[in-house]
Each structure stands twice: as structure tokens, then as C-alpha cells.
Amino acid sequence: MGVRVQQEPFDFAAEAEAFAAGRTDMGAIVTFTGVVRDTSGTLDHMLIEHYPGMTESAIGGMVEEARRRWSLGDCLVIHRYGRLAPGERIMMVATAAPHRADAFAAAEFLMDYLKSRAPFWKKELTASGAEWVAAKDEDEEALKRW
Amino acid sequence: MGVRVQQEPFDFAAEAEAFAAGRTDMGAIVTFTGVVRDTSGTLDHMLIEHYPGMTESAIGGMVEEARRRWSLGDCLVIHRYGRLAPGERIMMVATAAPHRADAFAAAEFLMDYLKSRAPFWKKELTASGAEWVAAKDEDEEALKRW
Amino acid sequence: MIDVLYFAWVRERIGQPKETVETGATTVAELVEELKAREERYALAFSDLSALRVAVDQELADFDAPLQGAREVAFFPPMTGG
Amino acid sequence: MIDVLYFAWVRERIGQPKETVETGATTVAELVEELKAREERYALAFSDLSALRVAVDQELADFDAPLQGAREVAFFPPMTGG
């Protein structure tokens with residue numbers, strides 16, 4: 001189990017490999033990776049701000065809740081802050097469970113909570129200026145299913 | 001987009017990395033990996049039989065259906081057959097989408113269909129003998145949600 | 001002339017993975033009856049059709065599916081992939 | 001004495017990430033009223049509370065949450081992580 005909040009890039013392949021390696025008790029491993037999108041082709045970079053201290057405890061609380069709700073063998077959450085270029089990976093979640101339904105549900109639960117309840121804020125910097133990314137109603141809605 | 005049915009092991013980390021690499025249009029990447037479980041500690045190995053020809057076309061059909069249902073940038077399915085030891089990876093699915101809900105839904109859809117509609121059969125070999133793994137009612141049930 | 005394939009425990013009970021049969025059957029169910037009438041091992045393998053699945057020309061089908069023009073029929077237990 | 005933290009556009013509007021304030025406020029809402037009365041930049045930042053979220057001692061809270069014993073209050077827009 002692990003929660004890491006860091007400025008530096010992480011190696012998705014190595015993290016996913018290390019997470020999945022050597023298990024004979026967990027039949028299902030799910031990973032989610034979030035990537036900086038540049039849909040309009042104008043994004044120069046993104047800045048992610050966070051609330052040191054609260055970030056780690058908020059994510060830790062989500063992981064504990066996921067472990068209470070589902071039969072999980074392991075959970076990993078890595079989330080970056082600072083400056084990120086288009087195509088860079090913002091964060092990843094990995095879950096391991098005996099059965100796939102638990103691994104999927106826990107990963108989706110963690111993603112929904114990370115989106116709207118972990119203290120991160122994204123700012124997009126383009127040629128035409130800087131703008132804070134607005135929270136989406138659908139992300140708040142997504143929490144209601146849990 | 002890719003479907004691979006193969007006897008030899010695949011490198012999950014390299015596949016996941018190659019799948020996720022260099023995208024600036026897809027915000028969400030989900031992977032699922034299935035691992036040979038040895039819950040009782042008695043499994044020597046597993047044999048997976050499949051139906052060459054039908055396997056590829058059946059999985060191809062599932063991938064096409066997923067692409068019709070969700071906004072997906074890419075899909076990858078790798079499934080092994082033959083002899084697998086506990087801890088070895090049986091298969092993986094990867095989906096890339098602009099938004100996480102689509103990536104998760106497509107990965108779960110593909111997993112549910114691979115479980116019950118792709119022509120694979122698992123046999124477990126333990127010290128006490130060999131036994132074909134029985135299909136689970138819950139796996140058939142899982143298809144009804146789609 | 002039709003290729004008949006068997007997988008998993010169906011293959012083990014019948015004792016072979018594949019055979020070519022000369023048949024006048026017009027549906028899968030009729031083909032099954034012909035096979036059951038052959039030998040005990042077929043009767044045993046096909047004793048409970050609810051435990052079997054069938055594919056005609058590599059597409060999942062029902063037991064009442066027509067065989068007209070079919071080149072390949074496969075019998076197997078419910079799949080356990082993933 | 002309480003540490004007050006600001007994040008994202010709240011931080012930008014107020015012009016600083018953190019300050020320590022001497023306050024007699026018993027709830028978050030009272031603290032907000034005190035801050036708004038200070039200067040225009042505070043009034044601006046806190047003009048629409050529905051666009052803001054608050055954490056008391058690093059736990060999400062409501063604006064009517066009590067401040068008794070609190071050491072740290074943070075104001076920020078809805079989170080956009082993940």
C-alpha cells in the first residue's frame with residue numbers, strides 16, 4: 001500500500017510492474033493513468049498546486065475507505081504536482097484484488113474521489129494566458145454512486 | 001488497436017508503457033491484468049486451451065463493439081494460452097480515452113466479455129489431479145449490465 | 001462434409017480434437033443426435049446440452065441453428081477466459 | 001491566533017499563500033466576515049462562498065464549522081485533481 005505525492009515524474013511501467021510483480025494471491029490488477037491533455041493544441045504546460053499535508057492525509061483516507069469497501073490486496077496512488085507538459089502523466093492508481101469486480105470498483109472509487117476531494121488544483125498555461133481549470137459538475141455527480 | 005493471442009509470456013510493463021506513450025489527446029488510460037492465482041497453495045500450473053481462429057475474431061468483435069459504445073482512442077487485448085505457472089500473467093486489456101469514465105467502462109466491458117464469450121478454457125493441475133475450471137454464474141450475470 | 005471440433009472436457013471425453021463427418025443434419029441439434037447414436041463416448045459428452053456451447057463457422061450459435069452451408073461446428077463447455 | 005491558507009485563484013486574489021490572524025471568530029463564516037471587512041481583495045475573494053471550499057485543520061468542513069481549537073483554516077476553489 002502506498003501514497004506518493006511528488007513533483008518529479010514517475011515511471012509508469014516500472015511502477016505498474018513492481019506493483020503487479022510476484023503475486024499469486026491476487027487474480028486482478030487494475031491501473032489508471034491520467035495524462036495531460038492538449039485537446040486544442042494550444043497548451044504550453046500545466047501547473048498543479050496542492051495542499052501539502054492535507055493531500056497525503058486526504059488520499060490516505062480514500063485508500064482506507066476503499067479497503068473497507070472492497071476485498072483488496074493492495075493499493076497504490078501516485079500524484080504529481082508542479083509543472084507538467086502535454087503528454088506527461090499526472091497521476092496513477094493501481095489496485096490488486098482476488099477478483100476483478102473489486103479491483104475495478106476500487107480504482108474507479110479512488111479516481112472519483114481524487115478528482116473532487118483531494119486538494120489539487122490545475123492551471124492551464126497557453127499562448128493566450130493562464131486559466132484555472134474549473135471543476136466539472138459531472139465529477140461531483142460521480143461521487144453519488146458510491 | 002491490437003488483439004494478440006499468444007503462447008509466450010508478454011511484458012506487461014513494456015506493453016503498458018508502449019500503449020500509454022506519447023499521447024496528448026487521451027486523458028485516461030486503464031489497464032487490467034489477470035494473474036494465475038494459487039489460493040490454496042496446491043496449484044502446480046494451469047493449462048489454457050483456445051479455439052484458434054475463432055478466438056481472434058471473437059475478441060476483435062468485442063473490441064469493435066467497445067469502440068462503438070464508448071469514445072475510445074485505442075484498445076489493446078493480449079491473451080495467452082498454453083502452460084502458465086502461479087503468478088504468471090494470463091492476459092491484459094488496455095484502453096485509452098479522452099475521459100476516464102469511457103476508459104473504465106470499455107475495460108470492464110471487454111473483461112466481462114473475455115471471461116464468458118472468448119473461446120478459452122482453463123484447466124488447473126494440482127498434486128491431486130487435473131480439473132477444468134467451471135464457469136461462474138456471476139460471470140454470466142455480469143454480461144447483463146451491458 | 002463438415003468439420004466438427006471439440007474443446008476442453010468435450011475433447012477429452014470424445015477422445016479427439018477434430019473430425020470430419022458426413023452428415024445430412026440440417027440443424028446443430030440433428031448433428032448432435034447423429035453423433036450420440038454413434039458411440040457411448042459421444043452419448044456421454046452430449047448427455048447434458050445445457051452444459052455445452054456450440055459455434056457454427058466460429059460464431060456462437062444455438063443448438064437449433066441451421067447447418068446449411070456450414071463448414072465447421074465446434075462443441076465446448078462454457079468459456080472461462082480472462 | 002490561527003493560520004489561514006489560500007490556494008489556487010483564492011491565493012492569487014488575496015495575494016499571499018498564508019497568513020496568521022488574530023481572531024475572535026467562533027465559526028468559519030465569522031472568520032470570513034472578519035477577513036472581508038479588512039480589504040477589497042478579501043471582499044473580492046470571498047464574494048461568492050458557493051464557489052469556495054474550506055478545510056479546518058486539513059479536513060474538509062462547512063462554513064458553519066466551529067473554530068474552537070482550530071490551528072489552521074484553508075480556503076480554496078473546488079478541487080480538480082486526478
# chains A, B, ... in the order shown; residues from 1 in each chain; ligands from 1
$ residues_around --residues "D:Arg13" --least-positions-apart "2" --cutoff "8 Å" --atoms "only C-alpha atoms" --output "MDAnalysis selection string"
chainID D and resid 9:11 15 41:42 44:45
$ interface_residues --of "chain A" --to "chain D" --cutoff "9 Å" --atoms "only C-alpha atoms" --output "number ranges by chain"
A: 33-34, 48-51, 53-55, 57-58, 79, 90-92, 111-123, 132-136
$ write_last_selection --atoms "N, CA, C and O atoms" --output "short mmCIF file (atom, residue, chain, number, x, y, z; two decimals), in the first residue's frame"
data_model
loop_
_atom_site.label_atom_id
_atom_site.label_comp_id
_atom_site.auth_asym_id
_atom_site.auth_seq_id
_atom_site.Cartn_x
_atom_site.Cartn_y
_atom_site.Cartn_z
N THR A 33 -4.11 5.64 -15.38
CA THR A 33 -3.12 6.71 -15.53
C THR A 33 -3.78 7.93 -16.13
O THR A 33 -4.50 7.82 -17.12
N GLY A 34 -3.55 9.08 -15.53
CA GLY A 34 -4.07 10.33 -16.05
C GLY A 34 -2.96 11.07 -16.79
O GLY A 34 -1.84 11.15 -16.31
N ILE A 48 0.22 22.28 -11.40
CA ILE A 48 -0.66 21.67 -10.40
C ILE A 48 -0.21 22.11 -9.01
O ILE A 48 0.95 21.93 -8.63
N GLU A 49 -1.14 22.72 -8.31
CA GLU A 49 -0.88 23.18 -6.94
C GLU A 49 -1.54 22.18 -6.00
O GLU A 49 -2.54 21.56 -6.34
N HIS A 50 -0.98 22.01 -4.82
CA HIS A 50 -1.67 21.15 -3.86
C HIS A 50 -1.46 21.67 -2.44
O HIS A 50 -0.82 22.70 -2.24
N TYR A 51 -2.02 21.01 -1.50
CA TYR A 51 -2.05 21.44 -0.09
C TYR A 51 -1.22 20.43 0.71
O TYR A 51 -1.77 19.44 1.19
N GLY A 53 0.45 18.10 3.18
CA GLY A 53 -0.07 17.66 4.49
C GLY A 53 -1.48 17.15 4.32
O GLY A 53 -1.76 15.97 4.52
N MET A 54 -2.37 18.04 3.91
CA MET A 54 -3.76 17.61 3.70
C MET A 54 -3.86 16.62 2.53
O MET A 54 -4.63 15.67 2.59
N THR A 55 -3.07 16.85 1.49
CA THR A 55 -3.14 15.98 0.31
C THR A 55 -2.90 14.53 0.71
O THR A 55 -3.69 13.64 0.39
N SER A 57 -3.02 13.11 3.67
CA SER A 57 -3.99 12.51 4.60
C SER A 57 -5.33 12.29 3.91
O SER A 57 -6.02 11.30 4.18
N ALA A 58 -5.71 13.20 2.99
CA ALA A 58 -6.97 13.00 2.27
C ALA A 58 -6.91 11.74 1.41
O ALA A 58 -7.83 10.92 1.42
N HIS A 79 0.57 10.85 -7.23
CA HIS A 79 0.01 12.07 -7.85
C HIS A 79 1.10 13.13 -7.87
O HIS A 79 1.74 13.39 -6.85
N ILE A 90 0.11 12.65 -15.08
CA ILE A 90 -0.21 13.40 -13.86
C ILE A 90 -0.21 12.50 -12.65
O ILE A 90 0.29 12.86 -11.59
N MET A 91 -0.83 11.35 -12.80
CA MET A 91 -1.03 10.50 -11.63
C MET A 91 -1.33 9.07 -12.07
O MET A 91 -1.61 8.83 -13.25
N MET A 92 -1.24 8.16 -11.13
CA MET A 92 -1.69 6.80 -11.40
C MET A 92 -2.28 6.19 -10.14
O MET A 92 -1.93 6.57 -9.02
N MET A 111 -10.42 7.11 -8.14
CA MET A 111 -10.35 8.17 -9.15
C MET A 111 -11.41 9.24 -8.93
O MET A 111 -11.13 10.43 -9.01
N ASP A 112 -12.64 8.79 -8.65
CA ASP A 112 -13.72 9.77 -8.44
C ASP A 112 -13.42 10.66 -7.25
O ASP A 112 -13.65 11.87 -7.29
N TYR A 113 -12.87 10.08 -6.18
CA TYR A 113 -12.55 10.88 -5.00
C TYR A 113 -11.33 11.76 -5.21
O TYR A 113 -11.28 12.90 -4.75
N LEU A 114 -10.33 11.24 -5.92
CA LEU A 114 -9.14 12.06 -6.20
C LEU A 114 -9.51 13.30 -7.02
O LEU A 114 -8.97 14.38 -6.80
N LYS A 115 -10.44 13.13 -7.95
CA LYS A 115 -10.87 14.24 -8.81
C LYS A 115 -11.44 15.40 -8.00
O LYS A 115 -11.19 16.56 -8.32
N SER A 116 -12.26 15.09 -7.01
CA SER A 116 -13.04 16.15 -6.36
C SER A 116 -12.79 16.33 -4.88
O SER A 116 -13.33 17.26 -4.28
N ARG A 117 -12.01 15.44 -4.26
CA ARG A 117 -11.83 15.54 -2.82
C ARG A 117 -10.37 15.58 -2.37
O ARG A 117 -10.10 15.74 -1.18
N ALA A 118 -9.46 15.41 -3.29
CA ALA A 118 -8.05 15.57 -2.92
C ALA A 118 -7.66 17.01 -3.29
O ALA A 118 -8.01 17.49 -4.36
N PRO A 119 -6.94 17.71 -2.39
CA PRO A 119 -6.68 19.14 -2.62
C PRO A 119 -5.59 19.42 -3.67
O PRO A 119 -4.46 19.77 -3.33
N PHE A 120 -6.01 19.24 -4.93
CA PHE A 120 -5.17 19.60 -6.08
C PHE A 120 -5.94 20.60 -6.93
O PHE A 120 -7.17 20.51 -7.03
N TRP A 121 -5.20 21.52 -7.53
CA TRP A 121 -5.82 22.49 -8.44
C TRP A 121 -4.94 22.62 -9.66
O TRP A 121 -3.73 22.82 -9.54
N LYS A 122 -5.59 22.56 -10.84
CA LYS A 122 -4.85 22.60 -12.10
C LYS A 122 -5.01 23.96 -12.77
O LYS A 122 -6.11 24.49 -12.85
N LYS A 123 -3.90 24.47 -13.29
CA LYS A 123 -3.91 25.71 -14.06
C LYS A 123 -3.31 25.42 -15.42
O LYS A 123 -2.25 24.81 -15.51
N TRP A 132 -7.31 28.78 -14.45
CA TRP A 132 -7.55 27.66 -13.55
C TRP A 132 -8.62 26.77 -14.15
O TRP A 132 -9.64 27.25 -14.63
N VAL A 133 -8.37 25.48 -14.11
CA VAL A 133 -9.34 24.52 -14.62
C VAL A 133 -10.55 24.51 -13.68
O VAL A 133 -10.39 24.41 -12.47
N ALA A 134 -11.73 24.63 -14.25
CA ALA A 134 -12.95 24.64 -13.43
C ALA A 134 -13.37 23.21 -13.10
O ALA A 134 -13.20 22.29 -13.92
N ALA A 135 -13.86 23.02 -11.88
CA ALA A 135 -14.38 21.71 -11.50
C ALA A 135 -15.62 21.42 -12.34
O ALA A 135 -16.37 22.32 -12.69
N LYS A 136 -15.80 20.14 -12.69
CA LYS A 136 -16.95 19.76 -13.54
C LYS A 136 -18.09 19.22 -12.68
O LYS A 136 -17.86 18.43 -11.76
#
$ residues_around --residues "A:Met1" --least-positions-apart "4" --cutoff "7 Å" --atoms "only C-alpha atoms" --output "JSON, numbers by chain"
{"A": [74, 75, 76]}
$ select_by_dssp --residues "stretch 28-100 of chain A" --states "strand (DSSP E or B)" --output "PyMOL selection string"
chain A and resi 28-35+43-50+74-80+82-84+89-97
$ interface_residues --of "chain B" --to "chain A" --cutoff "8 Å" --atoms "only C-alpha atoms" --output "PyMOL selection string"
chain B and resi 12-14+16-17+21-39+86-87+104+108
$ write_last_selection --atoms "N, CA, C and O atoms" --output "compact mmCIF listing (two decimals), in the first residue's frame"
# COMPACT_ATOMS: atom_id res chain seq x y z
N PHE B 12 4.29 -7.05 -19.36
CA PHE B 12 3.21 -6.13 -19.00
C PHE B 12 3.69 -4.68 -18.96
O PHE B 12 3.05 -3.78 -19.52
N ALA B 13 4.83 -4.46 -18.32
CA ALA B 13 5.34 -3.09 -18.17
C ALA B 13 5.63 -2.46 -19.53
O ALA B 13 5.23 -1.33 -19.80
N ALA B 14 6.29 -3.22 -20.40
CA ALA B 14 6.63 -2.69 -21.71
C ALA B 14 5.38 -2.44 -22.54
O ALA B 14 5.27 -1.45 -23.25
N ALA B 16 2.31 -1.85 -21.38
CA ALA B 16 1.58 -0.73 -20.80
C ALA B 16 2.25 0.59 -21.16
O ALA B 16 1.59 1.58 -21.49
N GLU B 17 3.57 0.59 -21.12
CA GLU B 17 4.33 1.79 -21.46
C GLU B 17 4.14 2.17 -22.92
O GLU B 17 3.85 3.32 -23.25
N ALA B 21 2.37 5.56 -24.24
CA ALA B 21 3.40 6.53 -24.63
C ALA B 21 2.93 7.55 -25.67
O ALA B 21 2.21 7.22 -26.60
N GLY B 22 3.36 8.78 -25.46
CA GLY B 22 3.26 9.78 -26.50
C GLY B 22 1.87 10.27 -26.84
O GLY B 22 1.65 10.82 -27.91
N ARG B 23 0.92 10.10 -25.94
CA ARG B 23 -0.43 10.57 -26.24
C ARG B 23 -0.65 11.94 -25.62
O ARG B 23 -0.38 12.15 -24.46
N THR B 24 -1.18 12.86 -26.38
CA THR B 24 -1.57 14.13 -25.78
C THR B 24 -3.06 14.37 -25.99
O THR B 24 -3.59 15.40 -25.61
N ASP B 25 -3.74 13.40 -26.60
CA ASP B 25 -5.17 13.56 -26.85
C ASP B 25 -6.03 12.72 -25.92
O ASP B 25 -7.22 12.95 -25.78
N MET B 26 -5.40 11.72 -25.28
CA MET B 26 -6.14 10.82 -24.40
C MET B 26 -5.80 11.13 -22.93
O MET B 26 -4.64 11.03 -22.55
N GLY B 27 -6.79 11.49 -22.16
CA GLY B 27 -6.51 11.84 -20.77
C GLY B 27 -6.48 10.66 -19.82
O GLY B 27 -5.96 10.76 -18.73
N ALA B 28 -7.05 9.54 -20.26
CA ALA B 28 -7.26 8.42 -19.34
C ALA B 28 -6.81 7.10 -19.95
O ALA B 28 -7.21 6.77 -21.06
N ILE B 29 -5.98 6.38 -19.22
CA ILE B 29 -5.55 5.06 -19.66
C ILE B 29 -5.81 4.06 -18.54
O ILE B 29 -5.38 4.27 -17.41
N VAL B 30 -6.56 3.00 -18.88
CA VAL B 30 -6.87 1.96 -17.89
C VAL B 30 -6.25 0.66 -18.37
O VAL B 30 -6.30 0.34 -19.56
N THR B 31 -5.63 -0.07 -17.46
CA THR B 31 -5.17 -1.42 -17.80
C THR B 31 -5.76 -2.42 -16.82
O THR B 31 -6.02 -2.10 -15.66
N PHE B 32 -6.00 -3.62 -17.31
CA PHE B 32 -6.37 -4.73 -16.45
C PHE B 32 -5.40 -5.86 -16.74
O PHE B 32 -5.09 -6.13 -17.90
N THR B 33 -4.92 -6.52 -15.70
CA THR B 33 -4.06 -7.69 -15.87
C THR B 33 -4.62 -8.84 -15.05
O THR B 33 -4.94 -8.66 -13.87
N GLY B 34 -4.75 -9.98 -15.68
CA GLY B 34 -5.20 -11.18 -14.97
C GLY B 34 -4.01 -12.05 -14.64
O GLY B 34 -3.14 -12.26 -15.48
N VAL B 35 -3.96 -12.52 -13.40
CA VAL B 35 -2.82 -13.28 -12.90
C VAL B 35 -3.28 -14.67 -12.48
O VAL B 35 -4.37 -14.81 -11.92
N VAL B 36 -2.46 -15.68 -12.73
CA VAL B 36 -2.79 -17.04 -12.29
C VAL B 36 -2.75 -17.08 -10.76
O VAL B 36 -1.70 -16.83 -10.17
N ARG B 37 -3.89 -17.37 -10.15
CA ARG B 37 -3.98 -17.41 -8.69
C ARG B 37 -3.74 -18.82 -8.17
O ARG B 37 -4.15 -19.80 -8.79
N ASP B 38 -3.12 -18.87 -7.04
CA ASP B 38 -2.98 -20.16 -6.36
C ASP B 38 -3.47 -19.94 -4.94
O ASP B 38 -2.69 -19.78 -4.01
N THR B 39 -4.78 -19.94 -4.79
CA THR B 39 -5.36 -19.58 -3.49
C THR B 39 -5.09 -20.64 -2.41
O THR B 39 -4.89 -20.31 -1.26
N PRO B 86 1.68 -20.36 -11.41
CA PRO B 86 1.09 -19.38 -10.49
C PRO B 86 1.89 -18.08 -10.52
O PRO B 86 3.12 -18.10 -10.53
N GLY B 87 1.19 -16.96 -10.54
CA GLY B 87 1.85 -15.66 -10.58
C GLY B 87 2.06 -15.14 -12.00
O GLY B 87 2.29 -13.95 -12.18
N PHE B 104 -12.68 3.32 -18.30
CA PHE B 104 -13.06 2.28 -17.32
C PHE B 104 -14.17 1.38 -17.86
O PHE B 104 -14.09 0.16 -17.76
N GLU B 108 -13.91 -2.69 -18.51
CA GLU B 108 -14.76 -3.65 -17.79
C GLU B 108 -15.62 -4.46 -18.74
O GLU B 108 -15.83 -5.67 -18.55
$ residues_around --residues "C:Asp64" --least-positions-apart "2" --cutoff "7 Å" --atoms "only C-alpha atoms" --output "ChimeraX atom specification"
/C:27-29,62,66
$ write_last_selection --atoms "N, CA, C and O atoms" --output "short mmCIF file (atom, residue, chain, number, x, y, z; two decimals), in the first residue's frame"
data_model
loop_
_atom_site.label_atom_id
_atom_site.label_comp_id
_atom_site.auth_asym_id
_atom_site.auth_seq_id
_atom_site.Cartn_x
_atom_site.Cartn_y
_atom_site.Cartn_z
N THR C 27 -29.73 -29.15 -38.74
CA THR C 27 -29.51 -28.25 -37.60
C THR C 27 -28.41 -28.84 -36.72
O THR C 27 -28.07 -30.02 -36.83
N VAL C 28 -27.90 -28.02 -35.81
CA VAL C 28 -26.90 -28.48 -34.85
C VAL C 28 -27.49 -29.62 -34.02
O VAL C 28 -26.85 -30.64 -33.78
N ALA C 29 -28.75 -29.47 -33.60
CA ALA C 29 -29.39 -30.48 -32.74
C ALA C 29 -29.44 -31.83 -33.47
O ALA C 29 -29.18 -32.88 -32.85
N ASP C 62 -26.96 -21.28 -31.46
CA ASP C 62 -27.84 -22.11 -30.64
C ASP C 62 -27.87 -23.52 -31.20
O ASP C 62 -27.47 -23.75 -32.34
N PRO C 66 -29.36 -23.55 -38.03
CA PRO C 66 -29.27 -24.35 -39.26
C PRO C 66 -27.82 -24.64 -39.63
O PRO C 66 -26.92 -23.85 -39.31
#
$ atom_distance --atom1 "atom CA of B:Val77" --atom2 "atom CA of B:Asp139"
18.7 Å
$ select_by_dssp --residues "stretch 46-138 of chain A" --states "helix (DSSP H, G or I)" --output "JSON, numbers by chain"
{"A": [54, 55, 56, 57, 58, 59, 60, 61, 62, 63, 64, 65, 66, 67, 68, 69, 100, 101, 102, 103, 104, 105, 106, 107, 108, 109, 110, 111, 112, 113, 114, 115, 116, 117, 137, 138]}
